[in-house]
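Trainee: My structure file structure14.txt, compact mmCIF, C-alpha atoms and all ligand atoms, is below:
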# COMPACT_ATOMS: atom_id res chain seq x y z
CA MET P 1 27.05 -17.77 -12.01
CA LYS P 2 23.36 -17.73 -12.89
CA SER P 3 21.38 -14.67 -11.83
CA TYR P 4 19.26 -16.60 -9.34
CA GLU P 5 22.37 -18.21 -7.83
CA LYS P 6 23.62 -14.73 -6.98
CA LEU P 7 20.45 -14.23 -4.91
CA LEU P 8 21.22 -17.30 -2.83
CA LEU P 9 24.82 -16.24 -2.38
CA GLU P 10 23.83 -12.73 -1.35
CA ASN P 11 21.38 -14.24 1.10
CA LYS P 12 24.16 -16.18 2.84
CA ALA P 13 26.23 -13.02 3.14
CA TRP P 14 23.21 -11.10 4.49
CA ALA P 15 22.42 -13.74 7.13
CA ALA P 16 26.07 -13.85 8.23
CA GLU P 17 26.19 -10.07 8.54
CA LYS P 18 23.00 -9.99 10.59
CA LEU P 19 24.43 -12.58 12.96
CA LEU P 20 27.65 -10.64 13.28
CA ASP P 21 25.73 -7.48 14.24
CA ASP P 22 23.35 -9.27 16.55
CA PRO P 23 23.91 -12.94 17.47
CA LYS P 24 20.32 -13.24 18.75
CA PHE P 25 18.71 -11.67 15.65
CA PHE P 26 17.23 -14.81 14.08
CA GLN P 27 16.35 -16.31 17.44
CA ARG P 28 14.25 -13.23 18.08
CA MET P 29 12.78 -13.20 14.57
CA ALA P 30 11.75 -16.84 14.82
CA SER P 31 9.85 -16.34 18.06
CA ASP P 32 7.32 -13.66 17.07
CA GLN P 33 6.43 -10.63 14.95
CA THR P 34 5.03 -7.40 16.34
CA PRO P 35 4.99 -4.94 13.43
CA GLU P 36 3.47 -1.53 14.11
CA PHE P 37 2.72 -0.88 10.45
CA LEU P 38 0.77 -2.44 7.60
CA TRP P 39 2.12 -1.33 4.23
CA ILE P 40 -0.06 -1.56 1.13
CA GLY P 41 2.19 -0.73 -1.79
CA CYS P 42 2.69 -1.26 -5.51
CA SER P 43 4.38 -4.44 -6.74
CA ASP P 44 6.82 -2.26 -8.70
CA SER P 45 10.37 -3.55 -8.11
CA ARG P 46 11.64 -0.02 -7.59
CA VAL P 47 9.57 0.64 -4.47
CA PRO P 48 10.80 -1.78 -1.78
CA ALA P 49 8.91 -0.89 1.40
CA GLU P 50 11.63 -1.89 3.88
CA ASP P 51 14.53 -0.27 2.02
CA ILE P 52 12.95 3.14 1.47
CA THR P 53 11.76 3.41 5.07
CA GLY P 54 14.91 2.00 6.64
CA VAL P 55 13.15 -0.62 8.74
CA GLN P 56 14.39 -4.01 9.85
CA PRO P 57 12.67 -7.39 9.37
CA GLY P 58 9.74 -7.61 11.75
CA GLU P 59 8.80 -3.93 11.59
CA ILE P 60 6.41 -3.74 8.63
CA PHE P 61 3.69 -6.18 7.55
CA VAL P 62 3.59 -5.88 3.76
CA HIS P 63 0.95 -6.36 1.07
CA ARG P 64 1.77 -5.36 -2.49
CA ASN P 65 -0.24 -5.49 -5.70
CA ILE P 66 -0.37 -3.61 -9.00
CA ALA P 67 -1.00 0.07 -8.20
CA ASN P 68 -1.51 -0.44 -4.42
CA MET P 69 -5.22 -1.11 -4.66
CA VAL P 70 -7.71 -1.77 -1.86
CA VAL P 71 -10.38 -3.81 -3.63
CA HIS P 72 -13.31 -4.97 -1.52
CA THR P 73 -13.65 -8.30 -3.29
CA ASP P 74 -9.94 -9.10 -3.04
CA LEU P 75 -9.76 -11.95 -0.54
CA ASN P 76 -5.99 -11.62 -0.42
CA LEU P 77 -6.09 -7.94 0.64
CA LEU P 78 -8.97 -8.52 3.04
CA SER P 79 -7.18 -11.40 4.74
CA VAL P 80 -4.02 -9.32 5.13
CA LEU P 81 -6.08 -6.42 6.50
CA GLU P 82 -8.03 -8.58 8.94
CA TYR P 83 -4.87 -10.26 10.22
CA ALA P 84 -2.90 -7.03 10.51
CA VAL P 85 -5.68 -5.14 12.32
CA ASN P 86 -7.15 -7.83 14.56
CA VAL P 87 -4.23 -10.19 15.25
CA LEU P 88 -1.09 -8.10 14.86
CA LYS P 89 -2.95 -4.99 16.06
CA VAL P 90 -1.03 -2.59 13.85
CA LYS P 91 -1.23 1.09 14.79
CA HIS P 92 -0.79 2.48 11.29
CA ILE P 93 -1.77 1.47 7.77
CA ILE P 94 0.15 3.12 4.96
CA VAL P 95 -1.13 3.04 1.39
CA CYS P 96 1.89 3.94 -0.69
CA GLY P 97 1.67 4.75 -4.38
CA HIS P 98 4.48 6.04 -6.54
CA TYR P 99 4.80 8.67 -9.25
CA GLY P 100 5.18 7.16 -12.72
CA CYS P 101 3.18 4.06 -11.73
CA GLY P 102 2.86 1.71 -14.73
CA GLY P 103 -0.49 0.38 -13.50
CA VAL P 104 -1.97 3.87 -13.35
CA LYS P 105 -0.48 4.76 -16.75
CA ALA P 106 -1.97 1.62 -18.29
CA ALA P 107 -5.39 2.38 -16.79
CA MET P 108 -5.36 5.76 -18.53
CA THR P 109 -4.96 4.19 -21.97
CA ARG P 110 -7.43 2.27 -24.12
CA HIS P 111 -5.12 -0.73 -24.55
CA SER P 112 -6.53 -4.11 -23.65
CA LEU P 113 -4.19 -6.14 -21.42
CA GLY P 114 -6.16 -9.34 -20.99
CA ILE P 115 -7.02 -10.32 -17.46
CA ILE P 116 -5.18 -7.26 -16.13
CA ASN P 117 -8.09 -5.19 -17.53
CA LYS P 118 -10.22 -6.38 -14.63
CA TRP P 119 -7.71 -5.12 -12.09
CA LEU P 120 -7.06 -1.84 -13.89
CA ARG P 121 -10.78 -1.18 -14.11
CA ASN P 122 -10.65 -0.23 -10.43
CA ILE P 123 -8.20 2.54 -11.35
CA LYS P 124 -10.33 3.55 -14.33
CA ASP P 125 -13.19 4.06 -11.84
CA VAL P 126 -11.01 6.51 -9.90
CA TYR P 127 -10.16 8.23 -13.20
CA ARG P 128 -13.86 8.53 -14.02
CA ILE P 129 -14.69 10.11 -10.63
CA HIS P 130 -11.92 12.70 -11.04
CA ARG P 131 -12.11 12.98 -14.82
CA SER P 132 -12.61 16.76 -15.01
CA GLU P 133 -9.62 17.55 -12.77
CA ILE P 134 -7.33 15.06 -14.55
CA ASN P 135 -8.30 16.10 -18.08
CA GLU P 136 -7.53 19.73 -17.32
CA ILE P 137 -3.83 18.88 -16.95
CA ASP P 138 -1.99 19.17 -20.27
CA ASP P 139 1.27 17.46 -19.41
CA ASN P 140 1.09 13.65 -19.71
CA GLU P 141 3.45 12.93 -16.82
CA GLN P 142 1.68 15.38 -14.52
CA ARG P 143 -1.68 13.90 -15.46
CA THR P 144 -0.49 10.42 -14.53
CA ASN P 145 1.04 11.67 -11.31
CA ARG P 146 -2.13 13.45 -10.24
CA LEU P 147 -4.11 10.27 -10.81
CA VAL P 148 -1.49 8.41 -8.76
CA GLU P 149 -2.22 10.81 -5.87
CA LEU P 150 -5.99 10.64 -6.27
CA ASN P 151 -5.81 6.86 -6.49
CA VAL P 152 -3.89 6.66 -3.21
CA MET P 153 -6.51 8.87 -1.53
CA GLU P 154 -9.30 6.71 -2.94
CA GLN P 155 -7.63 3.53 -1.64
CA VAL P 156 -7.26 5.06 1.84
CA MET P 157 -10.98 5.83 1.62
CA ASN P 158 -11.62 2.22 0.61
CA LEU P 159 -9.86 1.10 3.79
CA ALA P 160 -12.05 3.41 5.87
CA LYS P 161 -15.15 1.94 4.22
CA THR P 162 -14.39 -1.56 5.52
CA SER P 163 -16.10 -2.91 8.63
CA ILE P 164 -12.65 -4.20 9.69
CA VAL P 165 -11.26 -0.66 10.01
CA GLN P 166 -14.48 0.93 11.31
CA SER P 167 -14.81 -1.73 13.99
CA ALA P 168 -11.19 -1.28 15.13
CA TRP P 169 -11.70 2.48 15.17
CA SER P 170 -14.71 2.27 17.48
CA LYS P 171 -13.33 -0.46 19.76
CA ASN P 172 -9.59 0.22 19.85
CA GLN P 173 -9.02 3.76 18.50
CA ARG P 174 -6.67 2.45 15.84
CA PRO P 175 -5.36 2.14 13.16
CA HIS P 176 -4.35 5.52 11.82
CA LEU P 177 -4.56 5.51 8.00
CA HIS P 178 -2.00 7.25 5.79
CA GLY P 179 -1.67 7.94 2.07
CA TRP P 180 1.85 8.45 0.77
CA VAL P 181 3.40 8.76 -2.69
CA TYR P 182 6.99 7.77 -3.41
CA GLY P 183 9.09 9.62 -5.97
CA LEU P 184 11.08 7.33 -8.24
CA LYS P 185 13.13 10.37 -9.30
CA ASP P 186 14.19 11.55 -5.85
CA GLY P 187 13.53 8.64 -3.48
CA ILE P 188 11.33 10.82 -1.25
CA LEU P 189 8.02 9.76 0.32
CA ASN P 190 5.36 12.46 0.02
CA PRO P 191 2.60 12.23 2.67
CA ILE P 192 -0.60 13.42 0.97
CA MET P 193 -3.34 12.19 3.27
CA SER P 194 -3.91 11.18 6.88
CA MET P 195 -7.02 9.73 8.45
CA PRO P 196 -6.90 9.37 12.26
CA PRO P 197 -9.02 6.74 14.00
CA GLY P 198 -12.68 7.77 14.21
CA THR P 199 -12.62 10.04 11.17
CA HIS P 200 -16.12 10.47 9.80
CA ILE P 201 -16.43 9.41 6.20
CA ASP P 202 -19.40 9.74 3.87
CA GLU P 203 -22.36 8.49 5.96
CA ILE P 204 -23.39 6.17 3.15
CA TYR P 205 -20.41 4.01 4.08
CA GLU P 206 -20.59 4.25 7.88
CA TYR P 207 -21.82 1.31 9.95
CA ASP P 208 -23.42 2.12 13.31
CA ASP P 209 -23.85 -1.39 14.68
CA LEU P 210 -20.30 -2.74 14.73
CO CO P 301 3.24 1.04 -9.68
For this file, write the structure as structure tokens.

Mentor:
Amino acid sequence: MKSYEKLLLENKAWAAEKLLDDPKFFQRMASDQTPEFLWIGCSDSRVPAEDITGVQPGEIFVHRNIANMVVHTDLNLLSVLEYAVNVLKVKHIIVCGHYGCGGVKAAMTRHSLGIINKWLRNIKDVYRIHRSEINEIDDNEQRTNRLVELNVMEQVMNLAKTSIVQSAWSKNQRPHLHGWVYGLKDGILNPIMSMPPGTHIDEIYEYDDL
């Protein structure tokens, strides 16, 4: 059997099992989605949002990219954010990074990776802002992991800088923003930052006419 054929076979078994547990499962799924969470995570295959949080289909709206970035010119991210906040009306947005992130590691080197350079430059900017703290750490792995944490915090900040989030905060008192880091070595999610609705950020980024 070819590797991709196994995926199709496993899918049939999964669908049959779901039906066995709950005969109305797909009927319900097909009618609507009302997820409470938006997940912005890394594309890394080892960090599957639904598996590590134990949720069922329909419970998390997911956006993943290299190194879980919130980039203001990324139409893909912005569309997901707009839809999740204003249509699905999610209550929580979780930016989830992971220790040992390849994207963060690559951004700390001087290797050119073609078009990926442009994406990684956003992480290099975070590195530059926190350069003195990062460079004081001797251990390579620890240095990467600290930048992973700082990058998650910076991306949560980037969410708070958007008019989408600020407008929902002032009109609807949601969503609550969270920054988490997943451990590949122990499977544990480490909450490192939380920003409740209405949190004041640097006034340079605050809009007062939303
Ligand atoms: Co990663």

Trainee: Using all atoms listed in the file, find the one residue out of P:Gln33, P:Gln56, P:Asn190, P:Asn151 that sits nearest to Val90 in chain P.

Mentor: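 With all atoms listed in the file as the atom set, the closest residue is P:Gln33.
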
Trainee: Check the smallest atom-to-atom distance from each of P:Arg143, P:Lys24, P:His98, P:His63 to ligand CO 301 (chain P) using only C-alpha atoms and all ligand atoms, then report the winner.

Mentor: P:His98

Trainee: Please check which protein, DNA or RNA residues sit within 8 Å of ligand CO 301 (chain P), counting all atoms listed in the file, and write them as a PyMOL selection string.

Mentor: chain P and resi 42-44+66-68+97-104

Trainee: Give me, please, the distance in Å between CA of Asp138 in chain P and CA of Asn122 in chain P, quoted to one decimal.

Mentor: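 These two atoms are separated by 23.4 Å.
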
Trainee: If the box runs along x, y and z of the file and leaves 8 Å on each side of range 18-27 of chain P, what are its centre and edge lengths in Å, one decimal, as JSON?

Mentor:
{"center_x": 22.0, "center_y": -11.9, "center_z": 14.7, "size_x": 27.3, "size_y": 24.8, "size_z": 24.2}

Trainee: Neighbouring residues of Asp202 in chain P were defined as those with any atom within 9 Å, considering only C-alpha atoms; residues of the same chain fewer than 3 positions away were excluded. Please report them as a list in words.

Mentor: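 My list of contacting residues is Lys161, Tyr205 and Glu206 of chain P.
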
Trainee: Which polymer residues have any atom within 12 Å of an atom of Thr162 in chain P, counting all atoms listed in the file, with same-chain residues fewer than 2 positions away left out, as a ChimeraX atom specification?

Mentor: /P:70-73,77-78,81-82,85,155-160,164-169,201,205-207,210

Trainee: Given the choices P:Leu38, P:Leu9, P:Leu113, P:Ala30, which gets closest to Ala84 in chain P if the distance is worked out from all atoms listed in the file?

Mentor: P:Leu38

Trainee: Can you work out which one of P:Phe37, P:Phe25, P:Tyr4, P:Tyr182 has the shortest atom-to-atom distance to Ile94 in chain P, counting only C-alpha atoms?

Mentor: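 Closest residue, counting only C-alpha atoms: P:Phe37.
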
Trainee: Would you mind telling me which residue in P:Glu10, P:Glu59, P:Ile116, P:Trp180 lies nearest to Pro35 in chain P when using only C-alpha atoms?

Mentor: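 Result for the nearest residue to Pro35 in chain P: P:Glu59.
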
Trainee: Please, what distance in Å, to one decimal, runs between CA of Ile60 in chain P and CA of Gly198 in chain P?

Mentor: 23.0 Å

Trainee: Near Leu147 in chain P, within 9 Å and counting only C-alpha atoms, which residues show up once chain neighbours fewer than 6 positions away are dropped, as a list in words?

Mentor: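 Near neighbours after the sequence-gap exclusion: Val104, Lys105, Ile123, Val126, Tyr127, His130 and Ile134 of chain P.
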
Trainee: Could you state the separation of CA of Thr109 in chain P and CA of Arg128 in chain P in Å, given to one decimal place?

Mentor: 12.7 Å

Trainee: If you count only C-alpha atoms, which residues fall within 8 Å of Gly179 in chain P, apart from same-chain ones fewer than 2 positions away, as a ChimeraX atom specification?

Mentor: /P:94-97,152-153,156,177,181,191-194

Trainee: May I have the residues within 12 Å of Pro57 in chain P as a PyMOL selection string, using all atoms listed in the file and disregarding those fewer than 4 positions away in the same chain?

Mentor: chain P and resi 15+18+25-26+28-30+32-37+49-51+53+61-62
